[in-house]
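J.: See target-v3.cif below, with mmCIF, C-alpha atoms and all ligand atoms.
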```cif
data_structure
loop_
_atom_site.label_atom_id
_atom_site.label_comp_id
_atom_site.auth_asym_id
_atom_site.auth_seq_id
_atom_site.Cartn_x
_atom_site.Cartn_y
_atom_site.Cartn_z
CA MET Y 1085 78.50 109.98 101.32
CA PHE Y 1086 78.40 106.62 103.10
CA TRP Y 1087 78.49 103.07 101.81
CA LYS Y 1088 77.44 99.74 103.25
CA HIS Y 1089 80.18 97.83 101.44
CA SER Y 1090 82.98 96.18 103.31
CA SER Y 1091 86.13 98.22 103.26
CA PRO Y 1092 88.48 97.94 100.31
CA SER Y 1093 92.16 97.27 100.81
CA ARG Y 1094 93.56 100.05 98.64
CA VAL Y 1095 92.88 103.64 97.60
CA ARG Y 1096 94.15 105.26 94.43
CA VAL Y 1097 94.75 109.00 94.36
CA LEU Y 1098 95.18 110.67 90.97
CA MET Y 1099 96.94 114.03 90.65
CA TYR Y 1100 95.88 116.51 87.97
CA HIS Y 1101 96.71 120.17 87.40
CA LYS Y 1102 95.38 122.05 84.33
CA PHE Y 1103 92.79 121.34 81.64
CA ASP Y 1104 92.57 122.67 78.09
CA GLU Y 1105 90.21 122.12 75.16
CA SER Y 1106 92.95 121.09 72.77
CA ARG Y 1107 96.45 121.51 74.18
CA SER Y 1108 98.14 118.89 76.34
CA ASP Y 1109 101.47 118.81 78.16
CA TYR Y 1110 102.71 117.13 81.29
CA LEU Y 1111 100.65 119.42 83.56
CA THR Y 1112 97.67 119.79 81.20
CA VAL Y 1113 95.15 117.22 80.02
CA THR Y 1114 92.64 117.97 77.28
CA THR Y 1115 88.92 117.73 77.95
CA SER Y 1116 88.81 114.82 75.53
CA GLN Y 1117 91.52 112.97 77.49
CA PHE Y 1118 89.79 113.70 80.79
CA ARG Y 1119 86.47 112.42 79.47
CA LYS Y 1120 88.22 109.17 78.50
CA HIS Y 1121 89.83 108.92 81.94
CA LEU Y 1122 86.46 109.29 83.66
CA ALA Y 1123 84.88 106.80 81.26
CA VAL Y 1124 87.64 104.23 81.87
CA LEU Y 1125 87.45 104.61 85.65
CA THR Y 1126 83.67 104.25 85.57
CA ALA Y 1127 83.75 101.25 83.21
CA GLU Y 1128 86.36 99.51 85.37
CA GLY Y 1129 84.21 99.80 88.48
CA TYR Y 1130 86.03 102.54 90.34
CA HIS Y 1131 84.00 104.70 92.71
CA PHE Y 1132 84.84 108.38 93.15
CA ILE Y 1133 85.30 109.34 96.77
CA THR Y 1134 86.12 112.62 98.49
CA LEU Y 1135 89.10 113.22 100.72
CA GLN Y 1136 86.62 113.72 103.56
CA ASP Y 1137 85.14 110.27 102.87
CA TRP Y 1138 88.61 108.79 103.15
CA LEU Y 1139 89.45 110.67 106.34
CA TYR Y 1140 86.19 109.41 107.90
CA HIS Y 1141 87.30 105.91 106.94
CA ILE Y 1142 90.81 106.37 108.34
CA TYR Y 1143 89.86 108.15 111.57
CA GLN Y 1144 86.37 106.79 112.30
CA GLY Y 1145 86.21 103.51 110.42
CA LEU Y 1146 83.33 104.49 108.14
CA ALA Y 1147 83.06 102.30 105.05
CA LEU Y 1148 84.32 103.16 101.60
CA PRO Y 1149 82.90 101.83 98.32
CA PRO Y 1150 84.72 99.12 96.37
CA ARG Y 1151 87.63 100.32 94.19
CA PRO Y 1152 87.76 103.83 95.61
CA VAL Y 1153 89.57 106.53 93.63
CA LEU Y 1154 90.23 110.09 94.76
CA LEU Y 1155 90.76 112.75 92.09
CA THR Y 1156 92.92 115.68 93.20
CA PHE Y 1157 93.60 118.91 91.30
CA ASP Y 1158 96.59 120.97 92.41
CA ASP Y 1159 96.66 124.80 92.36
CA ALA Y 1160 92.92 125.50 91.73
CA TYR Y 1161 93.16 126.67 88.11
CA VAL Y 1162 90.19 128.38 86.46
CA SER Y 1163 90.12 125.49 83.98
CA ASN Y 1164 89.25 123.13 86.84
CA LEU Y 1165 85.88 124.89 86.94
CA THR Y 1166 85.33 125.87 83.31
CA LEU Y 1167 86.50 122.64 81.66
CA ALA Y 1168 86.76 119.84 84.21
CA TYR Y 1169 83.64 120.58 86.26
CA PRO Y 1170 81.06 119.78 83.53
CA LEU Y 1171 82.72 116.41 82.96
CA LEU Y 1172 82.97 115.63 86.67
CA LYS Y 1173 79.27 116.44 86.96
CA GLU Y 1174 78.39 114.28 83.96
CA TYR Y 1175 80.21 111.25 85.43
CA GLY Y 1176 79.12 111.79 89.01
CA ALA Y 1177 82.75 112.30 89.95
CA ARG Y 1178 84.27 114.43 92.72
CA ALA Y 1179 87.56 116.25 93.04
CA THR Y 1180 89.65 117.82 95.76
CA LEU Y 1181 91.18 121.19 94.92
CA PHE Y 1182 94.48 121.86 96.69
CA VAL Y 1183 94.47 125.66 96.91
CA PRO Y 1184 97.61 127.82 97.34
CA THR Y 1185 95.65 130.47 99.21
CA GLY Y 1186 98.13 133.33 98.72
CA TYR Y 1187 97.66 133.10 94.94
CA VAL Y 1188 93.85 132.87 94.79
CA GLY Y 1189 92.52 135.17 92.06
CA THR Y 1190 95.97 135.64 90.52
CA SER Y 1191 97.99 133.23 88.40
CA SER Y 1192 100.41 130.38 88.98
CA SER Y 1193 103.40 132.72 88.78
CA TRP Y 1194 105.75 130.09 90.27
CA ASP Y 1195 105.19 128.14 87.05
CA SER Y 1196 107.03 128.83 83.77
CA GLU Y 1197 103.65 128.91 82.01
CA ALA Y 1198 101.48 130.80 84.48
CA GLU Y 1199 97.73 130.29 84.20
CA ASP Y 1200 94.76 131.94 85.88
CA LEU Y 1201 93.68 130.63 89.26
CA LEU Y 1202 90.16 130.63 90.68
CA THR Y 1203 89.02 133.76 92.53
CA VAL Y 1204 87.55 133.82 96.04
CA GLY Y 1205 84.10 134.37 94.51
CA GLN Y 1206 84.50 131.33 92.26
CA LEU Y 1207 85.78 129.19 95.13
CA SER Y 1208 82.82 130.21 97.28
CA ARG Y 1209 80.33 129.29 94.55
CA LEU Y 1210 81.81 125.88 93.68
CA ASP Y 1211 79.36 122.98 93.64
CA PRO Y 1212 79.91 121.26 97.00
CA GLU Y 1213 78.58 118.00 95.55
CA VAL Y 1214 81.58 117.94 93.23
CA PHE Y 1215 84.44 119.93 94.72
CA GLU Y 1216 86.03 120.08 98.14
CA LEU Y 1217 88.90 122.35 99.12
CA ALA Y 1218 92.11 121.52 100.93
CA LEU Y 1219 95.54 123.01 101.60
CA HIS Y 1220 98.45 123.54 99.23
CA THR Y 1221 100.33 126.02 101.46
CA HIS Y 1222 99.79 129.78 101.27
CA GLN Y 1223 102.79 130.76 99.14
CA HIS Y 1224 103.14 127.52 97.15
CA LEU Y 1225 106.00 126.92 99.53
CA ASN Y 1226 108.62 124.24 98.99
CA TYR Y 1227 108.72 122.51 102.38
CA ARG Y 1228 112.13 121.03 101.66
CA ASP Y 1229 113.58 124.54 102.00
CA ALA Y 1230 111.23 126.06 104.60
CA SER Y 1231 112.05 126.49 108.28
CA PRO Y 1232 109.56 125.25 110.90
CA ASP Y 1233 108.63 128.88 111.64
CA GLU Y 1234 107.98 129.53 107.96
CA MET Y 1235 105.83 126.40 107.73
CA ALA Y 1236 103.87 127.39 110.83
CA SER Y 1237 103.15 130.94 109.65
CA ASP Y 1238 102.35 129.72 106.13
CA LEU Y 1239 99.88 127.11 107.42
CA LYS Y 1240 98.26 129.68 109.69
CA ALA Y 1241 97.84 132.00 106.67
CA CYS Y 1242 96.07 129.16 104.79
CA VAL Y 1243 93.66 128.46 107.59
CA ASP Y 1244 93.03 132.18 108.17
CA PHE Y 1245 92.22 132.59 104.47
CA PHE Y 1246 89.60 129.84 104.47
CA VAL Y 1247 88.06 131.03 107.73
CA GLU Y 1248 88.04 134.70 106.72
CA HIS Y 1249 86.23 133.91 103.46
CA GLY Y 1250 83.84 131.39 105.01
CA LEU Y 1251 85.13 128.57 102.81
CA HIS Y 1252 84.72 125.01 104.04
CA PHE Y 1253 87.97 123.05 103.74
CA VAL Y 1254 89.54 119.77 104.71
CA LYS Y 1255 92.60 119.96 106.97
CA ALA Y 1256 94.85 118.01 104.66
CA LEU Y 1257 97.70 119.30 102.54
CA ALA Y 1258 99.36 118.51 99.22
CA TYR Y 1259 103.06 119.34 99.31
CA PRO Y 1260 103.90 121.81 96.50
CA TYR Y 1261 106.29 120.04 94.11
CA GLY Y 1262 105.60 116.92 96.19
CA SER Y 1263 108.53 118.13 98.26
CA ARG Y 1264 109.20 117.53 101.97
CA PRO Y 1265 112.23 118.08 104.21
CA SER Y 1266 114.94 115.57 103.35
CA GLU Y 1267 116.86 115.83 106.61
CA PRO Y 1268 115.27 113.69 109.40
CA HIS Y 1269 115.39 116.34 112.13
CA HIS Y 1270 113.82 118.89 109.79
CA TYR Y 1271 111.14 116.35 108.84
CA VAL Y 1272 110.27 115.75 112.51
CA GLN Y 1273 109.96 119.52 112.99
CA MET Y 1274 107.49 119.62 110.10
CA LEU Y 1275 105.43 116.84 111.72
CA ARG Y 1276 105.32 118.86 114.93
CA VAL Y 1277 103.96 121.86 112.99
CA PHE Y 1278 101.34 119.57 111.40
CA ARG Y 1279 100.26 118.21 114.78
CA GLU Y 1280 100.05 121.71 116.27
CA ASN Y 1281 97.77 122.71 113.39
CA ASN Y 1282 95.73 119.48 113.44
CA ILE Y 1283 96.68 118.61 109.86
CA GLN Y 1284 95.07 115.22 109.26
CA ALA Y 1285 96.93 114.04 106.17
CA ALA Y 1286 99.51 115.16 103.62
CA PHE Y 1287 100.00 114.09 100.02
CA ARG Y 1288 103.23 113.59 98.10
CA ILE Y 1289 103.51 112.21 94.56
CA GLY Y 1290 105.25 108.83 94.83
CA ASN Y 1291 103.25 107.03 92.09
CA ARG Y 1292 102.10 104.22 94.35
CA ILE Y 1293 98.70 102.90 95.44
CA ASN Y 1294 97.88 103.42 99.12
CA PRO Y 1295 96.55 101.00 101.70
CA ALA Y 1296 93.00 102.07 102.66
CA VAL Y 1297 94.49 103.06 106.01
CA PRO Y 1298 97.96 104.37 105.15
CA LYS Y 1299 100.77 103.61 107.59
CA ASP Y 1300 102.01 107.18 107.35
CA LEU Y 1301 99.29 109.78 106.89
CA TYR Y 1302 101.83 112.45 105.94
CA GLU Y 1303 103.28 110.40 103.08
CA ILE Y 1304 100.16 109.55 101.08
CA ASN Y 1305 100.99 108.66 97.49
CA ARG Y 1306 99.43 110.11 94.39
CA ILE Y 1307 99.68 108.97 90.80
CA ASP Y 1308 100.94 111.72 88.51
CA ILE Y 1309 98.53 111.97 85.55
CA ARG Y 1310 100.08 113.71 82.55
CA GLY Y 1311 98.58 115.02 79.33
CA THR Y 1312 101.54 113.50 77.53
CA ASP Y 1313 100.44 109.98 78.53
CA SER Y 1314 98.47 107.75 76.15
CA LEU Y 1315 95.22 106.21 77.36
CA PHE Y 1316 97.10 102.90 77.60
CA THR Y 1317 99.64 104.53 79.93
CA PHE Y 1318 96.83 106.10 81.99
CA ARG Y 1319 95.21 102.68 82.45
CA ARG Y 1320 98.52 101.11 83.38
CA LYS Y 1321 99.29 103.86 85.91
CA VAL Y 1322 95.86 103.49 87.50
CA LEU Y 1323 96.29 99.71 87.67
CA LEU Y 1324 99.84 99.63 88.98
CA GLY Y 1325 100.59 103.09 90.37
CA ARG Y 1326 103.80 103.33 88.41
CA LEU Y 1327 104.75 102.31 84.92
CA PHE Y 1328 107.31 99.65 85.79
ZN ZN D 1 101.19 123.19 93.12
#
```
Mind turning this structure into C-alpha cells?
Ligand SMILES: [Zn+2]
T.:
Amino acid sequence: MFWKHSSPSRVRVLMYHKFDESRSDYLTVTTSQFRKHLAVLTAEGYHFITLQDWLYHIYQGLALPPRPVLLTFDDAYVSNLTLAYPLLKEYGARATLFVPTGYVGTSSSWDSEAEDLLTVGQLSRLDPEVFELALHTHQHLNYRDASPDEMASDLKACVDFFVEHGLHFVKALAYPYGSRPSEPHHYVQMLRVFRENNIQAAFRIGNRINPAVPKDLYEINRIDIRGTDSLFTFRRKVLLGRLF
C-alpha cells in the first residue's frame, strides 16, 4: 500500500504473542484487550503498516502514512488466526507473523506453556491483505548461543521452508527471546551471515520507538505488549516506548 503523505519521523512496532478469549498473561492478551488496543490506536490516528511497507520506505524511499504502527506476532500461534484475525480485519489492521519454521504445525514446545502453532495449510491460506510472514529462525534458536555455522544453516532451513511450500515471506527476522550475540566478534559474524543471506532487517525487543529510517537495521526496537498490562499502561507504552 502506498501513501502520498510526507514521511513520518518515527515508527512504532508492537510485539504480541498469543491470544485467548478470556485468559491473559504476559504472553497472552484477551480478545477484549486486543479490541481495545486496536480501537485506541485507530482513535489516536495511528495507521497500520506492513513490514514490507516499511522496508520499501527504508530501502526505496516510498512514503509511509502519518503515525505508522507495525503489529508483529511472534511464533505464529493458531490463536493469531482464530482470535486475532477477525479483529484485525474489522479494524483494517495488518500484522507480521514471525514464523519459527521448524515448529510449523506443532506446538511452542520451547515454552513452559506450549500452544498450538499454525500448520502449513493454514499459513498458505492466510489473508494476504492482513498477514505477512517473516523469519523467526527455524529452531527458535537463541542467537546469543549459536555459532555462525549454526545461524547460517538455520537461516537456510527457514528460507528453504518458505520456498518449498510456496509461501511468500519478507526477508526480515525477529530474534527469538530478543537475543543476539553479546560478544562483539560474534555479533559481527552474525551480521556477515545476515548479509550473505540478504536479510534486510532484524527485530529485538528494546521497548523504544524507532526512527522511520533506523540507524541500525539489525537492532530494530519493538514494544513488548503484555496481557498483564492495563489499558493505561498500553497507551503509555505506545506513546513512550517504555514505561519510565
Ligand atoms: Zn518466539
J.: Could you list, as a ChimeraX atom specification, every residue within 7 Å of Val1095 of chain Y, counting only C-alpha atoms and ignoring same-chain residues fewer than 4 positions away?
T.: /Y:1152-1153,1293-1296
J.: Select the residues contacting ligand ZN 1 (chain D) at a distance of at most 6 Å, based on all atoms listed in the file, then format the selection as a list in words.
T.: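 Written in the requested form, the residues are Asp1158, Asp1159 and Pro1260 of chain Y.
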J.: Which segment 1173-1223 of chain Y residues have any atom within 12 Å of an atom of segment 1130-1134 of chain Y, and for each, what is the nearest pair of atoms with distance in Å to one decimal, counting all atoms listed in the file, rows sorted by chain and number, as a Markdown table?
T.:
```
| residue | atom | partner | partner_atom | distance |
| --- | --- | --- | --- | --- |
| Y:Lys1173 | CA | Y:Phe1132 | CA | 11.6 |
| Y:Tyr1175 | CA | Y:Phe1132 | CA | 9.4 |
| Y:Gly1176 | CA | Y:Phe1132 | CA | 7.8 |
| Y:Ala1177 | CA | Y:Phe1132 | CA | 5.5 |
| Y:Arg1178 | CA | Y:Phe1132 | CA | 6.1 |
| Y:Ala1179 | CA | Y:Thr1134 | CA | 6.7 |
| Y:Thr1180 | CA | Y:Thr1134 | CA | 6.9 |
| Y:Leu1181 | CA | Y:Thr1134 | CA | 10.6 |
| Y:Pro1212 | CA | Y:Thr1134 | CA | 10.7 |
| Y:Glu1213 | CA | Y:Thr1134 | CA | 9.7 |
| Y:Val1214 | CA | Y:Thr1134 | CA | 8.8 |
| Y:Phe1215 | CA | Y:Thr1134 | CA | 8.4 |
| Y:Glu1216 | CA | Y:Thr1134 | CA | 7.5 |
| Y:Leu1217 | CA | Y:Thr1134 | CA | 10.1 |
| Y:Ala1218 | CA | Y:Thr1134 | CA | 11.0 |
```
J.: By how many Å are atom CA of Ala1127 of chain Y and atom CA of Phe1287 of chain Y apart?
T.: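 Spanning atom CA of Ala1127 of chain Y to atom CA of Phe1287 of chain Y is a straight-line distance of 26.7 Å.
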J.: If I take atom CA of Glu1174 of chain Y and atom CA of Pro1092 of chain Y, how far is one from the other in Å, to one decimal?
T.: 25.2 Å
J.: Under the rule that all atoms listed in the file are counted, which of Y:Ala1198, Y:Ala1230, Y:Ala1168, Y:Val1124 is the nearest residue to His1270 of chain Y?
T.: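 Smallest distance to His1270 of chain Y is found for Y:Ala1230.
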J.: Choose the residue, out of Y:Phe1103, Y:Tyr1161, Y:Phe1182, Y:Tyr1169, that has the smallest atom-to-atom separation from Val1254 of chain Y; count only C-alpha atoms.
T.: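 Using only C-alpha atoms, Val1254 of chain Y sits closest to Y:Phe1182.
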J.: With only C-alpha atoms as the atoms that count, which of Y:Leu1135, Y:Val1204, Y:Lys1321, Y:Ser1263 lies nearest to His1224 of chain Y?
T.: Y:Ser1263
J.: Do you know which residues are at most 9 Å from Tyr1259 of chain Y counting all atoms listed in the file, after dropping those on the same chain fewer than 5 positions away, and could you put them as a PyMOL selection string?
T.: chain Y and resi 1219-1221+1224-1227+1264+1286-1289
J.: Take every atom of segment 1305-1315 of chain Y listed in the file, pad by 4 Å on each side, and give me the axis-aligned box centre and edge lengths in Å, one decimal, as AutoDock Vina command-line options.
T.:
```
--center_x 98.4 --center_y 110.6 --center_z 86.8 --size_x 14.3 --size_y 16.8 --size_z 29.3
```
J.: If you count all atoms listed in the file, which residues fall within 9 Å of Tyr1100 of chain Y, apart from same-chain ones fewer than 6 positions away, as a ChimeraX atom specification?
T.: /Y:1111-1113,1155-1158,1307-1310
J.: Which residues are near Met1274 of chain Y? Cut-off 8 Å, only C-alpha atoms, ignore same chain within fewer than 4 positions. Put them as a list of chain:residue names.
T.: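 The residues satisfying every condition are Y:Pro1232, Y:Met1235, Y:Pro1265, Y:His1270, Y:Phe1278.
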J.: Rank nothing, just name the residue among Y:His1249, Y:Ala1285, Y:Glu1199, Y:Asn1291 nearest to Tyr1140 of chain Y, using all atoms listed in the file.
T.: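 For Tyr1140 of chain Y, the nearest of the given residues is Y:Ala1285.
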J.: Using all atoms listed in the file, can you tell me which of Y:Leu1167, Y:Leu1148, Y:Tyr1110, Y:Leu1139 comes closest to Lys1255 of chain Y?
T.: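 Residue with the minimum atom-to-atom distance to Lys1255 of chain Y: Y:Leu1139.
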J.: Kindly indicate which residue among Y:Leu1172, Y:Ile1142, Y:Asp1233, Y:Cys1242 lies nearest to Phe1118 of chain Y, using all atoms listed in the file for the distances.
T.: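 Counting all atoms listed in the file, the residue closest to Phe1118 of chain Y is Y:Leu1172.
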J.: Give me, please, the distance in Å between atom CA of Thr1317 of chain Y and atom CA of Gln1117 of chain Y, quoted to one decimal.
T.: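 That distance, rounded to one decimal, is 12.0 Å.
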J.: Counting only C-alpha atoms, find residues at most 12 Å from (88.0, 133.3, 103.4) (file frame) and give them as a PyMOL selection string.
T.: chain Y and resi 1183+1185-1186+1188+1203-1208+1217+1241-1253
J.: For the selection you just gave me, I'd like the residues written to a file as a short mmCIF file (atom, residue, chain, number, x, y, z; two decimals), keeping the file's coordinate frame, keeping C-alpha atoms.
T.:
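That gives us part_22.cif:
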```cif
data_model
loop_
_atom_site.label_atom_id
_atom_site.label_comp_id
_atom_site.auth_asym_id
_atom_site.auth_seq_id
_atom_site.Cartn_x
_atom_site.Cartn_y
_atom_site.Cartn_z
CA VAL Y 1183 94.47 125.66 96.91
CA THR Y 1185 95.65 130.47 99.21
CA GLY Y 1186 98.13 133.33 98.72
CA VAL Y 1188 93.85 132.87 94.79
CA THR Y 1203 89.02 133.76 92.53
CA VAL Y 1204 87.55 133.82 96.04
CA GLY Y 1205 84.10 134.37 94.51
CA GLN Y 1206 84.50 131.33 92.26
CA LEU Y 1207 85.78 129.19 95.13
CA SER Y 1208 82.82 130.21 97.28
CA LEU Y 1217 88.90 122.35 99.12
CA ALA Y 1241 97.84 132.00 106.67
CA CYS Y 1242 96.07 129.16 104.79
CA VAL Y 1243 93.66 128.46 107.59
CA ASP Y 1244 93.03 132.18 108.17
CA PHE Y 1245 92.22 132.59 104.47
CA PHE Y 1246 89.60 129.84 104.47
CA VAL Y 1247 88.06 131.03 107.73
CA GLU Y 1248 88.04 134.70 106.72
CA HIS Y 1249 86.23 133.91 103.46
CA GLY Y 1250 83.84 131.39 105.01
CA LEU Y 1251 85.13 128.57 102.81
CA HIS Y 1252 84.72 125.01 104.04
CA PHE Y 1253 87.97 123.05 103.74
#
```
